[in-house]
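Structure file protein_10.pdb; described as PDB, C-alpha atoms and all ligand atoms.
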ATOM      1  CA  MET G  13    -136.027  -0.149   9.875
ATOM      2  CA  PRO G  14    -134.882  -2.856   7.467
ATOM      3  CA  GLU G  15    -133.059  -1.548   4.410
ATOM      4  CA  LEU G  16    -132.055  -2.419   0.876
ATOM      5  CA  VAL G  17    -128.412  -1.344   0.681
ATOM      6  CA  PHE G  18    -126.411  -1.340  -2.556
ATOM      7  CA  PHE G  19    -122.652  -1.615  -1.973
ATOM      8  CA  SER G  20    -121.158  -0.643  -5.283
ATOM      9  CA  GLY G  21    -117.712  -0.107  -6.725
ATOM     10  CA  THR G  22    -115.450  -1.209  -9.530
ATOM     11  CA  MET G  23    -114.241  -4.763  -9.919
ATOM     12  CA  ASP G  24    -111.575  -5.777  -7.388
ATOM     13  CA  CYS G  25    -112.441  -3.142  -4.761
ATOM     14  CA  GLY G  26    -113.428  -5.605  -2.015
ATOM     15  CA  LYS G  27    -117.196  -6.035  -2.427
ATOM     16  CA  SER G  28    -117.241  -9.808  -1.961
ATOM     17  CA  THR G  29    -114.815  -9.510   0.951
ATOM     18  CA  LEU G  30    -117.199  -7.083   2.656
ATOM     19  CA  ALA G  31    -120.142  -9.412   1.927
ATOM     20  CA  LEU G  32    -118.244 -12.248   3.634
ATOM     21  CA  GLN G  33    -117.386 -10.007   6.594
ATOM     22  CA  ILE G  34    -121.026  -8.980   7.062
ATOM     23  CA  GLU G  35    -122.000 -12.658   6.904
ATOM     24  CA  HIS G  36    -119.272 -13.604   9.407
ATOM     25  CA  ASN G  37    -120.144 -10.870  11.923
ATOM     26  CA  ARG G  38    -123.861 -11.647  11.861
ATOM     27  CA  SER G  39    -123.560 -15.418  11.956
ATOM     28  CA  ALA G  40    -121.072 -15.066  14.844
ATOM     29  CA  ARG G  41    -123.949 -13.458  16.773
ATOM     30  CA  GLY G  42    -126.332 -16.319  15.996
ATOM     31  CA  LEU G  43    -128.124 -14.675  13.075
ATOM     32  CA  ALA G  44    -128.918 -16.684   9.950
ATOM     33  CA  GLY G  45    -128.501 -15.254   6.471
ATOM     34  CA  VAL G  46    -129.596 -16.336   3.032
ATOM     35  CA  ILE G  47    -126.854 -15.661   0.480
ATOM     36  CA  PHE G  48    -127.645 -15.264  -3.206
ATOM     37  CA  THR G  49    -125.112 -15.013  -5.983
ATOM     38  CA  ARG G  50    -124.869 -15.415  -9.737
ATOM     39  CA  ASN G  51    -121.890 -16.288 -11.953
ATOM     40  CA  ASP G  52    -119.204 -16.088  -9.249
ATOM     41  CA  ARG G  53    -115.759 -16.894 -10.703
ATOM     42  CA  ALA G  54    -115.367 -19.719  -8.153
ATOM     43  CA  GLY G  55    -118.314 -21.591  -9.663
ATOM     44  CA  GLU G  56    -122.001 -22.213  -9.173
ATOM     45  CA  GLY G  57    -123.404 -21.622  -5.702
ATOM     46  CA  LYS G  58    -120.279 -19.904  -4.348
ATOM     47  CA  LEU G  59    -119.532 -16.442  -3.011
ATOM     48  CA  SER G  60    -115.763 -15.942  -3.192
ATOM     49  CA  SER G  61    -113.297 -13.152  -2.515
ATOM     50  CA  ARG G  62    -109.829 -12.670  -3.961
ATOM     51  CA  LEU G  63    -108.520 -12.842  -0.383
ATOM     52  CA  GLY G  64    -109.213 -16.583  -0.577
ATOM     53  CA  LEU G  65    -112.396 -16.820   1.468
ATOM     54  CA  VAL G  66    -115.393 -18.597   0.005
ATOM     55  CA  THR G  67    -118.827 -19.598   1.261
ATOM     56  CA  GLU G  68    -121.802 -21.536  -0.060
ATOM     57  CA  ALA G  69    -124.576 -19.510  -1.656
ATOM     58  CA  VAL G  70    -127.827 -19.964  -3.542
ATOM     59  CA  GLU G  71    -127.218 -19.589  -7.291
ATOM     60  CA  VAL G  72    -129.782 -17.261  -8.877
ATOM     61  CA  GLU G  73    -130.881 -18.569 -12.251
ATOM     62  CA  ASP G  74    -132.933 -16.698 -14.851
ATOM     63  CA  GLY G  75    -136.527 -16.372 -13.686
ATOM     64  CA  LYS G  76    -135.885 -17.395 -10.058
ATOM     65  CA  ASP G  77    -138.263 -15.477  -7.788
ATOM     66  CA  LEU G  78    -136.176 -14.368  -4.816
ATOM     67  CA  TYR G  79    -139.173 -13.241  -2.773
ATOM     68  CA  ALA G  80    -140.946 -16.579  -3.331
ATOM     69  CA  TYR G  81    -137.704 -18.427  -2.467
ATOM     70  CA  LEU G  82    -137.557 -16.676   0.914
ATOM     71  CA  VAL G  83    -141.261 -17.191   1.644
ATOM     72  CA  ASP G  84    -140.839 -20.945   0.877
ATOM     73  CA  HIS G  85    -137.686 -21.119   2.964
ATOM     74  CA  LEU G  86    -139.397 -19.485   5.975
ATOM     75  CA  SER G  87    -142.615 -21.470   5.626
ATOM     76  CA  GLN G  88    -140.613 -24.704   5.642
ATOM     77  CA  GLY G  89    -139.129 -23.732   9.014
ATOM     78  CA  GLY G  90    -135.898 -22.220   7.636
ATOM     79  CA  ARG G  91    -134.438 -19.122   9.257
ATOM     80  CA  ALA G  92    -133.562 -15.859   7.562
ATOM     81  CA  ASP G  93    -132.577 -12.786   9.549
ATOM     82  CA  TYR G  94    -130.940 -10.978   6.614
ATOM     83  CA  VAL G  95    -130.149 -11.463   2.943
ATOM     84  CA  ILE G  96    -126.909 -10.976   0.996
ATOM     85  CA  ALA G  97    -126.876 -10.766  -2.818
ATOM     86  CA  ASP G  98    -123.441 -10.752  -4.450
ATOM     87  CA  GLU G  99    -122.757 -10.094  -8.153
ATOM     88  CA  ALA G 100    -126.074  -8.233  -8.050
ATOM     89  CA  GLN G 101    -125.333  -6.573 -11.392
ATOM     90  CA  PHE G 102    -126.205  -9.919 -13.002
ATOM     91  CA  LEU G 103    -129.706 -10.056 -11.460
ATOM     92  CA  ALA G 104    -132.702  -9.103 -13.582
ATOM     93  CA  PRO G 105    -134.527  -5.871 -12.665
ATOM     94  CA  GLU G 106    -137.563  -7.975 -11.538
ATOM     95  CA  GLN G 107    -135.289  -9.836  -9.120
ATOM     96  CA  ILE G 108    -134.179  -6.505  -7.612
ATOM     97  CA  ASP G 109    -137.853  -5.604  -7.183
ATOM     98  CA  GLN G 110    -138.295  -8.949  -5.388
ATOM     99  CA  LEU G 111    -135.400  -8.048  -3.045
ATOM    100  CA  ALA G 112    -137.072  -4.704  -2.276
ATOM    101  CA  ARG G 113    -140.258  -6.639  -1.434
ATOM    102  CA  VAL G 114    -138.233  -8.863   0.914
ATOM    103  CA  VAL G 115    -137.260  -5.696   2.825
ATOM    104  CA  ASP G 116    -140.754  -4.181   2.848
ATOM    105  CA  ASP G 117    -142.958  -7.255   3.337
ATOM    106  CA  LEU G 118    -140.692  -9.669   5.219
ATOM    107  CA  GLY G 119    -138.838  -7.019   7.233
ATOM    108  CA  LEU G 120    -135.347  -8.297   6.398
ATOM    109  CA  ASP G 121    -132.223  -6.263   5.659
ATOM    110  CA  VAL G 122    -130.927  -6.939   2.146
ATOM    111  CA  PHE G 123    -127.271  -6.206   1.379
ATOM    112  CA  ALA G 124    -126.584  -6.206  -2.368
ATOM    113  CA  PHE G 125    -123.062  -6.023  -3.822
ATOM    114  CA  GLY G 126    -122.141  -5.323  -7.413
ATOM    115  CA  ILE G 127    -120.449  -3.272 -10.062
ATOM    116  CA  THR G 128    -122.552  -0.444 -11.405
ATOM    117  CA  THR G 129    -121.350  -0.179 -14.993
ATOM    118  CA  ASP G 130    -120.065  -2.574 -17.621
ATOM    119  CA  PHE G 131    -116.954  -2.407 -19.823
ATOM    120  CA  ARG G 132    -118.651   0.227 -22.006
ATOM    121  CA  SER G 133    -119.503   2.288 -18.908
ATOM    122  CA  LYS G 134    -123.210   1.512 -19.329
ATOM    123  CA  LEU G 135    -125.362   0.547 -16.354
ATOM    124  CA  PHE G 136    -126.132  -3.148 -15.888
ATOM    125  CA  PRO G 137    -129.949  -3.482 -15.776
ATOM    126  CA  GLY G 138    -129.792  -5.011 -12.267
ATOM    127  CA  SER G 139    -127.566  -2.199 -11.004
ATOM    128  CA  GLN G 140    -129.815   0.405 -12.576
ATOM    129  CA  ARG G 141    -132.777  -1.028 -10.674
ATOM    130  CA  LEU G 142    -130.738  -1.046  -7.462
ATOM    131  CA  VAL G 143    -129.867   2.623  -7.926
ATOM    132  CA  GLU G 144    -133.577   3.284  -8.434
ATOM    133  CA  LEU G 145    -134.794   1.275  -5.426
ATOM    134  CA  ALA G 146    -132.063   1.122  -2.770
ATOM    135  CA  ASP G 147    -132.587   2.879   0.540
ATOM    136  CA  ARG G 148    -128.850   3.548   0.588
ATOM    137  CA  ILE G 149    -125.958   3.294  -1.850
ATOM    138  CA  GLU G 150    -122.544   2.771  -0.279
ATOM    139  CA  VAL G 151    -119.337   3.242  -2.238
ATOM    140  CA  LEU G 152    -116.580   1.008  -0.906
ATOM    141  CA  GLN G 153    -113.898   2.745   1.120
ATOM    142  CA  VAL G 154    -110.865   0.819  -0.141
ATOM    143  CA  GLU G 155    -110.365   2.404  -3.520
ATOM    144  CA  ALA G 156    -109.093   0.414  -6.455
ATOM    145  CA  LEU G 157    -106.506   2.406  -8.390
ATOM    146  CA  CYS G 158    -105.937   3.093 -12.073
ATOM    147  CA  TRP G 159    -102.391   2.475 -13.344
ATOM    148  CA  CYS G 160    -101.869   6.288 -13.175
ATOM    149  CA  GLY G 161    -102.563   6.297  -9.417
ATOM    150  CA  ALA G 162    -105.973   7.990  -9.608
ATOM    151  CA  ARG G 163    -109.038   6.363  -8.098
ATOM    152  CA  ALA G 164    -110.394   3.748 -10.495
ATOM    153  CA  THR G 165    -114.044   4.389 -11.302
ATOM    154  CA  HIS G 166    -114.517   2.351 -14.494
ATOM    155  CA  ASN G 167    -114.115  -1.252 -15.615
ATOM    156  CA  ALA G 168    -112.318  -1.973 -18.883
ATOM    157  CA  ARG G 169    -112.435  -5.292 -20.720
ATOM    158  CA  THR G 170    -109.097  -6.246 -22.228
ATOM    159  CA  ILE G 171    -107.606  -8.755 -24.631
ATOM    160  CA  ASP G 172    -103.838  -9.011 -24.381
ATOM    161  CA  GLY G 173    -103.887  -5.857 -22.281
ATOM    162  CA  GLU G 174    -105.728  -3.770 -24.886
ATOM    163  CA  MET G 175    -109.138  -2.351 -24.117
ATOM    164  CA  VAL G 176    -112.016  -3.666 -26.225
ATOM    165  CA  VAL G 177    -115.410  -2.006 -26.621
ATOM    166  CA  GLU G 178    -117.326  -4.651 -28.569
ATOM    167  CA  GLY G 179    -118.859  -7.810 -27.134
ATOM    168  CA  ALA G 180    -121.558  -9.245 -24.885
ATOM    169  CA  GLN G 181    -122.370  -7.351 -21.714
ATOM    170  CA  VAL G 182    -121.779 -10.427 -19.552
ATOM    171  CA  VAL G 183    -118.434 -12.237 -19.796
ATOM    172  CA  VAL G 184    -117.339 -13.713 -16.460
ATOM    173  CA  GLY G 185    -113.662 -13.022 -15.886
ATOM    174  CA  ASP G 186    -110.989 -11.496 -13.706
ATOM    175  CA  VAL G 187    -108.340  -8.812 -13.553
ATOM    176  CA  ASN G 188    -104.718  -9.832 -14.288
ATOM    177  CA  GLN G 189    -105.604 -12.448 -16.896
ATOM    178  CA  SER G 190    -102.808 -14.052 -18.892
ATOM    179  CA  ALA G 191    -102.096 -13.331 -22.565
ATOM    180  CA  GLY G 192    -104.807 -14.286 -25.029
ATOM    181  CA  GLU G 193    -107.594 -14.395 -22.449
ATOM    182  CA  VAL G 194    -110.391 -11.899 -21.991
ATOM    183  CA  GLY G 195    -109.636  -9.957 -18.830
ATOM    184  CA  TYR G 196    -110.537  -6.777 -17.020
ATOM    185  CA  GLU G 197    -108.662  -3.737 -15.744
ATOM    186  CA  VAL G 198    -109.963  -0.925 -13.565
ATOM    187  CA  LEU G 199    -109.244   2.589 -14.826
ATOM    188  CA  CYS G 200    -109.988   6.203 -13.972
ATOM    189  CA  ARG G 201    -112.513   7.876 -16.285
ATOM    190  CA  ARG G 202    -109.856   9.809 -18.186
ATOM    191  CA  HIS G 203    -107.993   6.660 -19.162
ATOM    192  CA  HIS G 204    -111.176   4.670 -19.791
ATOM    193  CA  ARG G 205    -112.294   7.389 -22.247
ATOM    194  CA  ARG G 206    -108.899   7.288 -23.936
ATOM    195  CA  ARG G 207    -108.876   3.475 -23.884
ATOM    196  CA  MET G 208    -105.471   3.635 -22.250
ATOM    197  CA  THR G 209    -104.661   0.572 -20.172
ATOM    198  CA  ALA G 210    -101.461  -0.135 -18.251
ATOM    199  CA  ALA G 211    -100.101  -2.101 -21.226
ATOM    200  CA  THR G 212    -100.914   0.515 -23.864
ATOM    201  CA  ALA G 213     -99.581   3.309 -21.620
ATOM    202  CA  ARG G 214     -96.312   1.364 -21.260
ATOM    203  CA  ALA G 215     -96.110   0.854 -25.020
ATOM    204  CA  ALA G 216     -96.813   4.572 -25.644
ATOM    205  CA  ALA G 217     -94.109   5.545 -23.160
ATOM    206  CA  LEU G 218     -91.635   3.423 -25.123
ATOM    207  CA  SER G 219     -92.633   5.178 -28.392
ATOM    208  CA  PRO G 220     -92.148   8.915 -27.811
ATOM    209  CA  ASP G 221     -92.940   9.698 -31.469
ATOM    210  CA  VAL G 222     -96.564   8.612 -31.121
ATOM    211  CA  LEU G 223     -98.926  11.563 -31.466
ATOM    212  CA  PRO G 224    -101.334  12.294 -28.598
ATOM    213  CA  VAL G 225    -104.806  10.743 -28.912
ATOM    214  CA  SER G 226    -107.482  12.910 -30.560
ATOM    215  CA  PRO G 227    -109.242  15.313 -28.122
ATOM    216  CA  SER G 228    -112.635  13.500 -28.218
TER     217      SER G 228
HETATM  218  N1  LIG M 301    -102.635 -10.630  -1.950
HETATM  219  C1  LIG M 301    -103.449  -9.701  -1.420
HETATM  220  N2  LIG M 301    -103.116  -9.090  -0.282
HETATM  221  C2  LIG M 301    -103.935  -8.156   0.286
HETATM  222  N3  LIG M 301    -105.107  -7.807  -0.239
HETATM  223  C3  LIG M 301    -105.482  -8.378  -1.365
HETATM  224  C4  LIG M 301    -104.683  -9.361  -2.027
HETATM  225  N4  LIG M 301    -105.351  -9.758  -3.142
HETATM  226  C5  LIG M 301    -106.489  -9.040  -3.170
HETATM  227  N5  LIG M 301    -106.560  -8.215  -2.106
HETATM  228  C6  LIG M 301    -107.643  -7.270  -1.760
HETATM  229  O1  LIG M 301    -108.853  -7.833  -2.159
HETATM  230  C7  LIG M 301    -109.584  -6.868  -2.928
HETATM  231  C8  LIG M 301    -110.475  -7.616  -3.890
HETATM  232  O2  LIG M 301    -111.451  -8.256  -3.105
HETATM  233  P1  LIG M 301    -112.785  -8.895  -3.693
HETATM  234  O3  LIG M 301    -113.712  -8.963  -2.533
HETATM  235  O4  LIG M 301    -112.473 -10.147  -4.406
HETATM  236  O5  LIG M 301    -113.226  -7.746  -4.734
HETATM  237  P2  LIG M 301    -114.564  -7.516  -5.537
HETATM  238  O6  LIG M 301    -115.622  -8.456  -5.029
HETATM  239  O7  LIG M 301    -114.906  -6.068  -5.323
HETATM  240  O8  LIG M 301    -114.225  -7.763  -6.983
HETATM  241  C9  LIG M 301    -108.495  -6.028  -3.588
HETATM  242  O9  LIG M 301    -108.934  -4.742  -3.928
HETATM  243  C10 LIG M 301    -107.480  -5.945  -2.470
HETATM  244  O10 LIG M 301    -107.831  -4.909  -1.582
HETATM  245  C1  LIG M 302    -117.015  -4.930 -16.400
HETATM  246  C2  LIG M 302    -117.721  -6.228 -16.625
HETATM  247  C3  LIG M 302    -117.546  -7.277 -15.740
HETATM  248  N1  LIG M 302    -118.165  -8.450 -15.961
HETATM  249  C4  LIG M 302    -117.969  -9.569 -15.022
HETATM  250  C5  LIG M 302    -116.549  -9.927 -14.714
HETATM  251  C6  LIG M 302    -116.662 -10.583 -13.346
HETATM  252  O1  LIG M 302    -117.010 -11.944 -13.539
HETATM  253  C7  LIG M 302    -117.831  -9.837 -12.703
HETATM  254  C8  LIG M 302    -117.401  -8.806 -11.689
HETATM  255  O2  LIG M 302    -116.949  -9.460 -10.531
HETATM  256  P1  LIG M 302    -116.124  -8.730  -9.353
HETATM  257  O3  LIG M 302    -116.296  -9.672  -8.210
HETATM  258  O4  LIG M 302    -116.751  -7.393  -9.119
HETATM  259  O5  LIG M 302    -114.710  -8.622  -9.812
HETATM  260  O6  LIG M 302    -118.512  -9.178 -13.773
HETATM  261  C9  LIG M 302    -119.012  -8.607 -17.043
HETATM  262  O7  LIG M 302    -119.620  -9.675 -17.228
HETATM  263  N2  LIG M 302    -119.185  -7.586 -17.917
HETATM  264  C10 LIG M 302    -118.564  -6.400 -17.762
HETATM  265  O8  LIG M 302    -118.741  -5.494 -18.610
END
So that I can check it, write out the structure of this file as structure tokens.
Ligand SMILES: Nc1ncnc2c1ncn2[C@@H]1O[C@H](COP(=O)(O)OP(=O)(O)O)[C@@H](O)[C@H]1O
Ligand SMILES: Cc1cn([C@H]2C[C@H](O)[C@@H](COP(=O)(O)O)O2)c(=O)[nH]c1=O
Amino acid sequence: MPELVFFSGTMDCGKSTLALQIEHNRSARGLAGVIFTRNDRAGEGKLSSRLGLVTEAVEVEDGKDLYAYLVDHLSQGGRADYVIADEAQFLAPEQIDQLARVVDDLGLDVFAFGITTDFRSKLFPGSQRLVELADRIEVLQVEALCWCGARATHNARTIDGEMVVEGAQVVVGDVNQSAGEVGYEVLCRRHHRRRMTAATARAAALSPDVLPVSPS
């Protein structure tokens, strides 16, 4: 049975790498995939991994109907044996519904990859719809780690290493950004709640007089 699978995890846990591996293994066996993405750091129409691999993809703009795209593609003689959607958190809920229809009405497997929650630990609308509709949700096996060594479960947005909690939901960016730039850091829940990043933990360790944070 074809499936809609949501591979989810924090930033930097290997989602795009896995998407590229699935694409490689299937195309090596003569299967043809359609790859969707939106707002990849490598630029428009790219699916890229931090391991350096990159492939061409179809950029999903606002309002693009993914089901209609596949029907057009197939009716013009194109092949599609499976579908990959990276950065799926950026898709609109209607576009996730269209991916579910691709599974049910076209009989194709759809593999969607994305982060579940934003820097305020709120669900992205696209991820929420995936949680609601997916046949299966897979959490990636290679765990990203918080600076304390615990499994990272949350994404923090940082400026100069300090966690910020105000701003637009979507700001394309990366972990390990240089000073002055908006960046991201993955944290365990405890340290996300306390807004304690690697930089602020280091600074606190150097100032033993600082009182503990309030028990909120
Ligand atoms: N220099 C490196 N050597 C080995 N593995 C690396 C290196 N840089 C990144 N990685 C791996 O790549 C993962 C990030 O992969 P990527 O697919 O870009 O993540 P995601 O799409 O989840 O944000 C890291 O968690 C790490 O496992
Ligand atoms: C937490 C969070 C992230 N983003 C952006 C930052 C990156 O461009 C992508 C995640 O990509 P990755 O391949 O999983 O690293 O999402 C955002 O726009 N808003 C956020 O709150």
Exercise for review: Decode the PyMOL selection byres (((not hetatm)) within 7 of (chain M and resi 302)) for the given file into explicit residues and return them as a list in words.
Suggested key: Thr22, Met23, Asp24, Lys27, Ser28, Asn51, Asp52, Arg53, Glu99, Gly126, Ile127, Thr129, Asp130, Phe131, Arg132, Asn167, Ala168, Arg169, Gln181, Val182, Val183, Val184, Gly185, Asp186 and Tyr196 of chain G
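Here CA of Leu82 in chain G is placed at a distance of 7.8 Å from CA of Val114 in chain G.
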Practice item. Using only C-alpha atoms, determine which residues lie at most 8 Å from Tyr79 in chain G, disregarding the query and same-chain residues fewer than 2 positions distant; provide the list as a PyMOL selection string. Key: chain G and resi 77+81-83+110-111+113-114
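Remark: for ligand LIG 301 (chain M), the closest of the candidate residues G:Arg62, G:Arg163, G:Arg207, G:Lys134 is G:Arg62 (distances computed over all atoms listed in the file).
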**Study point:** Among the residues G:Glu15, G:Glu144, G:Ile96, G:Leu78, the one that comes closest to Ile47 in chain G [using all atoms listed in the file]
**Key:** G:Ile96
Counting all atoms listed in the file, which residues in range 26-72 of chain G sit no more than 12 Å from range 117-123 of chain G? For each one, give the nearest pair of atoms and the distance in Å, sorted by chain then residue number, as a tab-separated table.
residue	atom	partner	partner_atom	distance
G:Lys27	CA	G:Phe123	CA	10.8
G:Ser28	CA	G:Phe123	CA	11.2
G:Leu30	CA	G:Phe123	CA	10.2
G:Ala31	CA	G:Phe123	CA	7.8
G:Leu32	CA	G:Phe123	CA	11.1
G:Gln33	CA	G:Phe123	CA	11.8
G:Ile34	CA	G:Phe123	CA	8.9
G:Glu35	CA	G:Phe123	CA	10.0
G:Arg38	CA	G:Asp121	CA	11.7
G:Leu43	CA	G:Leu120	CA	11.7
G:Ala44	CA	G:Leu120	CA	11.1
G:Gly45	CA	G:Val122	CA	9.7
G:Val46	CA	G:Val122	CA	9.5
G:Ile47	CA	G:Phe123	CA	9.5
G:Phe48	CA	G:Phe123	CA	10.2
G:Thr49	CA	G:Phe123	CA	11.7
Selected by the PyMOL selection byres (((chain G and resi 104) around 8) and not hetatm) in the shown coordinates: which residues, as a compact mmCIF listing (two decimals) with C-alpha atoms, in the coordinates of the input?
# COMPACT_ATOMS: atom_id res chain seq x y z
CA ASP G 74 -132.93 -16.70 -14.85
CA PHE G 102 -126.20 -9.92 -13.00
CA LEU G 103 -129.71 -10.06 -11.46
CA PRO G 105 -134.53 -5.87 -12.66
CA GLU G 106 -137.56 -7.98 -11.54
CA GLN G 107 -135.29 -9.84 -9.12
CA ILE G 108 -134.18 -6.50 -7.61
CA PRO G 137 -129.95 -3.48 -15.78
CA GLY G 138 -129.79 -5.01 -12.27
Check your understanding: Looking at G:Ser39, G:Thr29, G:Asn188, G:Gln101, which one is nearest to ligand LIG 301 (chain M), with distances taken over all atoms listed in the file?
Key -> G:Thr29
Check your understanding: On this structure, which residues satisfy the PyMOL selection byres (((chain G and resi 199-203) around 10) and not hetatm), written as a PyMOL selection string?
Key -> chain G and resi 22+133+156-168+196-198+204-210+213
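Coordinates place CA of Ala80 in chain G at a distance of 18.5 Å from CA of Asp98 in chain G.
Between CA of Val154 in chain G and atom C9 of ligand LIG 301 (chain M) lies a distance of 8.0 Å.
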Review point. Quick one: of G:Gln153, G:Gln140, G:Thr212, G:Ser87, who's nearest to ligand LIG 301 (chain M), counting only C-alpha atoms and all ligand atoms?
Key: G:Gln153
